Amino acid sequence: MILMNDFKAEPEELIRQQLAAAERVLRSGWYILGKEVKDFEASWARRCGVADAVGVANGMDAIEIGMRALGIGAGDEVITTPMTAFATVLAILRVGATPVLADIEPGTGLLSIDSVARCLSSKTRAVLLVHLYGQLPDMDAWTDFCRSRNILLLEDCAQAHLAEWNGRVAGSYGAFGAYSFYPTKNLGAVGDAGALITTDAALAERAKVIRNYGQSERYHHPEVGLNSRLDELHAAMLSERLKWLDDFTEKRRNVARQYYEQIANPQITVLDKPLQERSHVHHLFVVRCADRQRLGAHLTQAGIANLSHYPIPVHKQPPCADVRLDPAGLAAVEQHAATCLSIPCHPQMSQSDVAKVVEAVNAFH
Ligand SMILES: *Cc1c(COP(=O)(O)O)cnc(C)c1O
């Protein structure tokens with residue numbers, strides 16, 4: 001079976017490095033908020049080209065903590081996409097703000113700027129971009145859009161580690177960028193982990209308070225916080241995995257390049273190629289097919305794993321039954337949800353795996 005992710009096939013050297021990191025933590029006798037977290041935060045911030053990274057328990061908390069640190073809450077509207085992991089919108093609900101859901105661009109699955117413009121109101125505080133499947137949109141356009149309307153730009157980078165727009169990494173454009181290190185993400189831990197990055201030192205400080213019971217110094221709790229810390233064990237292993245991330249990202253791009261070149265089937269639409277060479281890190285490779293279910297079954301039959309991201313858009317989930325949507329509707333989201341299929345695209349795929357996937361996709365009729 002060609003899997004969506006194949007951790008067991010990772011290089012033995014990487015596995016040994018992670019075991020050594022785990023041993024380092026175990027023997028250090030210090031397991032929460034210590035040197036490993038500090039070191040990983042520093043490395044991740046440096047690699048992202050920002051001043052600060054704050055390690056937290058997971059990607060959803062990174063979004064929530066970032067918004068809370070910015071004072072986003074009850075009475076505020078945050079515009080985002082319904083074509084995302086539910087966690088994106090759940091974070092907005094958790095801070096007490098009101099999500100407003102806009103439509104997407106059919107060619108990429110990314111938020112439509114025209115649709116977001118239709119969703120604006122006097123209560124709009126922020127636009128939360130989701131760099132879906134690992135791709136950055138034209139970040140200059142979004143920066144201008146938000147600046148001219150005096151609203152915050154926020155980035156959900158859970159799928160977009162090291163994606164770049166004009167040489168700047170995902171998460172460095174917004175007030176904060178929220179990262180998930182869930183195991184299947186491009187940089188994944190062996191459990192739950194996350195971080196937010198920012199160029200705003202005060203925001204980083206506030207996020208560090210919020211992640212640790214709202215504690216400013218020992219026994220002082222100036223605000224209502226969370227328990228959302230990144231563990232030393234995860235941080236140590238993430239530091240090792242980070243050393244491999246550029247290489248793994250190139251491998252993903254190489255798989256994607258072959259799919260763009262070789263997938264040719266009139267019944268299947270490949271999403272648009274990225275606008276810039278480095279603007280996409282191919283967390284997922286997504287095709288669209290009118291008979292998605294039959295294509296999925298055909299691939300499974302051929303020994304190729306596949307999934308849909310995402311078959312039920314956020315506005316169809318019960319907690320979001322009453323949220324405000326683009327008044328023009330969400331036609332592109334509905335169409336995408338009904339037709340999208342993700343095929344294997346990960347760094348451990350061999351040349352013959354890629355060839356098998358191409359062959360099976362092209363043989364579908
Ligand atoms: C995975 C993911 C999240 C949530 O991250 P967790 O670490 O699982 O909390 C949020 N947004 C997007 C787009 C994701 O893919």
# chains A, B, ... in the order shown; residues from 1 in each chain; ligands from 1
$ residues_around --residues "segment 139-146 of chain A" --least-positions-apart "6" --cutoff "8 Å" --atoms "only C-alpha atoms" --output "ChimeraX atom specification"
/A:113,126-127,152-153,165,173-174
$ write_last_selection --atoms "C-alpha atoms" --output "mmCIF file, in the first residue's frame"
data_model
loop_
_atom_site.group_PDB
_atom_site.id
_atom_site.type_symbol
_atom_site.label_atom_id
_atom_site.label_comp_id
_atom_site.auth_asym_id
_atom_site.auth_seq_id
_atom_site.Cartn_x
_atom_site.Cartn_y
_atom_site.Cartn_z
ATOM 1 C CA ILE A 113 -10.310 38.123 -1.732
ATOM 2 C CA ALA A 126 -9.307 40.112 11.333
ATOM 3 C CA VAL A 127 -8.951 37.867 8.309
ATOM 4 C CA LEU A 152 -5.624 42.308 11.272
ATOM 5 C CA LEU A 153 -4.104 39.668 9.013
ATOM 6 C CA TRP A 165 6.145 34.345 -0.762
ATOM 7 C CA TYR A 173 3.242 38.432 7.155
ATOM 8 C CA GLY A 174 0.443 38.337 9.699
#
$ residues_near_ligand --ligand "ligand 1" --cutoff "7 Å" --atoms "only C-alpha atoms and all ligand atoms" --output "count of residues only"
21
$ closest_residue --among "A:Gln348, A:Ser342, A:Ser239, A:Gln276" --to "Gln135 of chain A" --atoms "only C-alpha atoms"
A:Gln276
$ residues_around --residues "segment 258-264 of chain A" --least-positions-apart "2" --cutoff "10 Å" --atoms "only C-alpha atoms" --output "JSON, numbers by chain"
{"A": [253, 254, 255, 256, 266, 267, 268, 269, 270, 271, 272, 273, 285, 287, 343, 345, 351, 354, 355, 357, 358, 359, 360, 361, 362, 363]}
$ select_by_dssp --residues "segment 76-137 of chain A" --states "strand (DSSP E)" --output "number ranges by chain"
A: 77-80, 98-101, 124-130
$ write_last_selection --atoms "all heavy atoms" --output "short mmCIF file (atom, residue, chain, number, x, y, z; two decimals), in the first residue's frame"
data_model
loop_
_atom_site.label_atom_id
_atom_site.label_comp_id
_atom_site.auth_asym_id
_atom_site.auth_seq_id
_atom_site.Cartn_x
_atom_site.Cartn_y
_atom_site.Cartn_z
N GLU A 77 -15.69 39.96 14.73
CA GLU A 77 -15.85 39.00 13.65
C GLU A 77 -14.49 38.69 13.03
O GLU A 77 -13.67 39.59 12.83
CB GLU A 77 -16.80 39.54 12.57
CG GLU A 77 -18.24 39.60 13.06
CD GLU A 77 -19.21 40.12 12.00
OE1 GLU A 77 -18.76 40.59 10.94
OE2 GLU A 77 -20.43 40.05 12.27
N VAL A 78 -14.28 37.42 12.74
CA VAL A 78 -13.05 36.98 12.08
C VAL A 78 -13.46 36.24 10.81
O VAL A 78 -14.18 35.24 10.88
CB VAL A 78 -12.22 36.06 13.00
CG1 VAL A 78 -10.97 35.56 12.28
CG2 VAL A 78 -11.84 36.78 14.30
N ILE A 79 -13.02 36.75 9.68
CA ILE A 79 -13.39 36.13 8.40
C ILE A 79 -12.36 35.05 8.05
O ILE A 79 -11.15 35.28 8.12
CB ILE A 79 -13.44 37.19 7.27
CG1 ILE A 79 -14.41 38.31 7.64
CG2 ILE A 79 -13.84 36.52 5.95
CD1 ILE A 79 -14.39 39.49 6.65
N THR A 80 -12.87 33.88 7.70
CA THR A 80 -11.97 32.81 7.29
C THR A 80 -12.66 31.90 6.29
O THR A 80 -13.76 32.20 5.80
CB THR A 80 -11.41 32.03 8.51
OG1 THR A 80 -10.32 31.21 8.08
CG2 THR A 80 -12.48 31.15 9.16
N THR A 98 -16.77 35.71 16.52
CA THR A 98 -17.76 35.19 15.58
C THR A 98 -17.08 34.90 14.24
O THR A 98 -16.59 35.83 13.60
CB THR A 98 -18.87 36.24 15.36
OG1 THR A 98 -19.41 36.56 16.64
CG2 THR A 98 -19.96 35.70 14.46
N PRO A 99 -17.07 33.63 13.82
CA PRO A 99 -16.50 33.36 12.51
C PRO A 99 -17.45 33.80 11.40
O PRO A 99 -18.67 33.69 11.55
CB PRO A 99 -16.32 31.83 12.49
CG PRO A 99 -17.22 31.30 13.55
CD PRO A 99 -17.52 32.41 14.52
N VAL A 100 -16.90 34.31 10.32
CA VAL A 100 -17.67 34.63 9.12
C VAL A 100 -16.96 33.90 7.98
O VAL A 100 -15.73 33.99 7.87
CB VAL A 100 -17.70 36.15 8.86
CG1 VAL A 100 -18.44 36.46 7.56
CG2 VAL A 100 -18.34 36.88 10.04
N LEU A 101 -17.74 33.15 7.20
CA LEU A 101 -17.09 32.23 6.25
C LEU A 101 -17.24 32.70 4.81
O LEU A 101 -18.34 32.95 4.32
CB LEU A 101 -17.68 30.83 6.42
CG LEU A 101 -17.48 30.26 7.83
CD1 LEU A 101 -18.23 28.94 8.00
CD2 LEU A 101 -16.00 30.08 8.15
N THR A 124 -15.72 43.51 11.78
CA THR A 124 -14.59 42.70 11.33
C THR A 124 -13.30 43.14 12.01
O THR A 124 -12.89 44.30 11.88
CB THR A 124 -14.40 42.81 9.80
OG1 THR A 124 -15.64 42.53 9.16
CG2 THR A 124 -13.33 41.85 9.32
N ARG A 125 -12.68 42.22 12.74
CA ARG A 125 -11.39 42.53 13.38
C ARG A 125 -10.22 41.96 12.58
O ARG A 125 -9.12 42.51 12.61
CB ARG A 125 -11.33 41.90 14.79
CG ARG A 125 -11.87 42.75 15.93
CD ARG A 125 -11.10 44.02 16.23
NE ARG A 125 -9.72 43.85 16.65
CZ ARG A 125 -9.31 43.48 17.86
NH1 ARG A 125 -10.20 43.23 18.80
NH2 ARG A 125 -8.02 43.37 18.15
N ALA A 126 -10.45 40.81 11.93
CA ALA A 126 -9.31 40.11 11.33
C ALA A 126 -9.75 39.22 10.19
O ALA A 126 -10.91 38.80 10.14
CB ALA A 126 -8.61 39.26 12.40
N VAL A 127 -8.80 38.94 9.30
CA VAL A 127 -8.95 37.87 8.31
C VAL A 127 -7.95 36.79 8.71
O VAL A 127 -6.76 37.08 8.90
CB VAL A 127 -8.66 38.34 6.87
CG1 VAL A 127 -8.69 37.17 5.91
CG2 VAL A 127 -9.66 39.41 6.44
N LEU A 128 -8.44 35.58 8.88
CA LEU A 128 -7.56 34.45 9.21
C LEU A 128 -7.36 33.63 7.94
O LEU A 128 -8.25 32.89 7.51
CB LEU A 128 -8.20 33.61 10.33
CG LEU A 128 -7.52 32.29 10.73
CD1 LEU A 128 -6.04 32.47 11.06
CD2 LEU A 128 -8.25 31.65 11.91
N LEU A 129 -6.19 33.79 7.32
CA LEU A 129 -5.88 33.02 6.11
C LEU A 129 -5.47 31.62 6.50
O LEU A 129 -4.81 31.42 7.53
CB LEU A 129 -4.71 33.65 5.35
CG LEU A 129 -4.91 35.02 4.72
CD1 LEU A 129 -3.62 35.41 3.98
CD2 LEU A 129 -6.09 35.02 3.76
N VAL A 130 -5.86 30.65 5.70
CA VAL A 130 -5.40 29.27 5.89
C VAL A 130 -4.57 28.91 4.66
O VAL A 130 -5.08 28.97 3.54
CB VAL A 130 -6.58 28.30 6.03
CG1 VAL A 130 -6.08 26.86 6.13
CG2 VAL A 130 -7.42 28.66 7.26
#
$ residues_around --residues "Asp103 of chain A" --least-positions-apart "3" --cutoff "7 Å" --atoms "only C-alpha atoms" --output "NGL selection string"
:A and (81 or 111-112 or 115 or 326 or 330 or 332-333)
$ write_last_selection --atoms "N, CA, C and O atoms" --output "CSV table (one decimal), in the first residue's frame"
chain,number,residue,atom,x,y,z
A,81,THR,N,-12.0,30.8,6.0
A,81,THR,CA,-12.5,29.8,5.0
A,81,THR,C,-13.2,28.6,5.6
A,81,THR,O,-12.7,28.1,6.6
A,111,LEU,N,-8.7,31.1,0.1
A,111,LEU,CA,-9.7,32.2,0.2
A,111,LEU,C,-9.8,33.1,-0.9
A,111,LEU,O,-8.7,33.6,-1.5
A,112,SER,N,-11.0,33.5,-1.3
A,112,SER,CA,-11.2,34.5,-2.4
A,112,SER,C,-11.2,35.9,-1.8
A,112,SER,O,-12.0,36.1,-0.9
A,115,SER,N,-14.6,37.5,-2.2
A,115,SER,CA,-15.6,37.0,-1.3
A,115,SER,C,-15.4,37.6,0.1
A,115,SER,O,-16.3,38.0,0.8
A,326,ASP,N,-20.7,34.4,3.1
A,326,ASP,CA,-20.7,35.3,2.0
A,326,ASP,C,-22.1,35.4,1.5
A,326,ASP,O,-22.7,34.4,1.1
A,330,LEU,N,-21.5,30.1,-1.2
A,330,LEU,CA,-20.2,29.5,-1.2
A,330,LEU,C,-20.1,28.4,-2.3
A,330,LEU,O,-19.7,27.2,-2.0
A,332,ALA,N,-18.1,27.8,-4.7
A,332,ALA,CA,-16.8,27.1,-5.0
A,332,ALA,C,-16.4,26.1,-3.9
A,332,ALA,O,-15.9,25.1,-4.1
A,333,VAL,N,-16.8,26.5,-2.7
A,333,VAL,CA,-16.5,25.6,-1.5
A,333,VAL,C,-17.3,24.3,-1.7
A,333,VAL,O,-16.8,23.2,-1.5
$ select_by_dssp --residues "segment 107-341 of chain A" --states "helix (DSSP H, G or I)" --output "PyMOL selection string"
chain A and resi 113-119+132-134+139-148+201-211+232-262+292-301+314-316+318-320+331-339
$ residues_around --residues "Tyr213 of chain A" --least-positions-apart "5" --cutoff "6 Å" --atoms "only C-alpha atoms" --output "list in words"
Gly225, Leu226 and Asn227 of chain A
$ closest_residue --among "A:Asn186, A:Ser350, A:Gln317, A:Gln17" --to "Phe86 of chain A" --atoms "only C-alpha atoms"
A:Gln317
$ atom_distance --atom1 "atom CA of Ala338 of chain A" --atom2 "atom CA of Val116 of chain A"
21.9 Å
$ atom_distance --atom1 "atom CA of Thr108 of chain A" --atom2 "atom CA of Asp138 of chain A"
11.9 Å
$ closest_residue --among "A:Ala207, A:Met83, A:Ile63, A:Ala178" --to "Tyr310 of chain A" --atoms "only C-alpha atoms"
A:Met83
$ closest_residue --among "A:Trp44, A:Glu36, A:Pro222, A:Glu240" --to "Thr198 of chain A" --atoms "only C-alpha atoms"
A:Trp44
$ closest_residue --among "A:Val209, A:Leu196, A:Ala170, A:Ala236" --to "Val281 of chain A" --atoms "only C-alpha atoms"
A:Ala170
$ residues_around --residues "Lys38 of chain A" --least-positions-apart "6" --cutoff "9 Å" --atoms "only C-alpha atoms" --output "PyMOL selection string"
chain A and resi 54-55+235
$ closest_residue --among "A:Ala160, A:Leu136, A:Leu341, A:Val25" --to "Asp291 of chain A" --atoms "only C-alpha atoms"
A:Leu341
$ atom_distance --atom1 "atom CA of Ile304 of chain A" --atom2 "atom CA of His280 of chain A"
23.1 Å
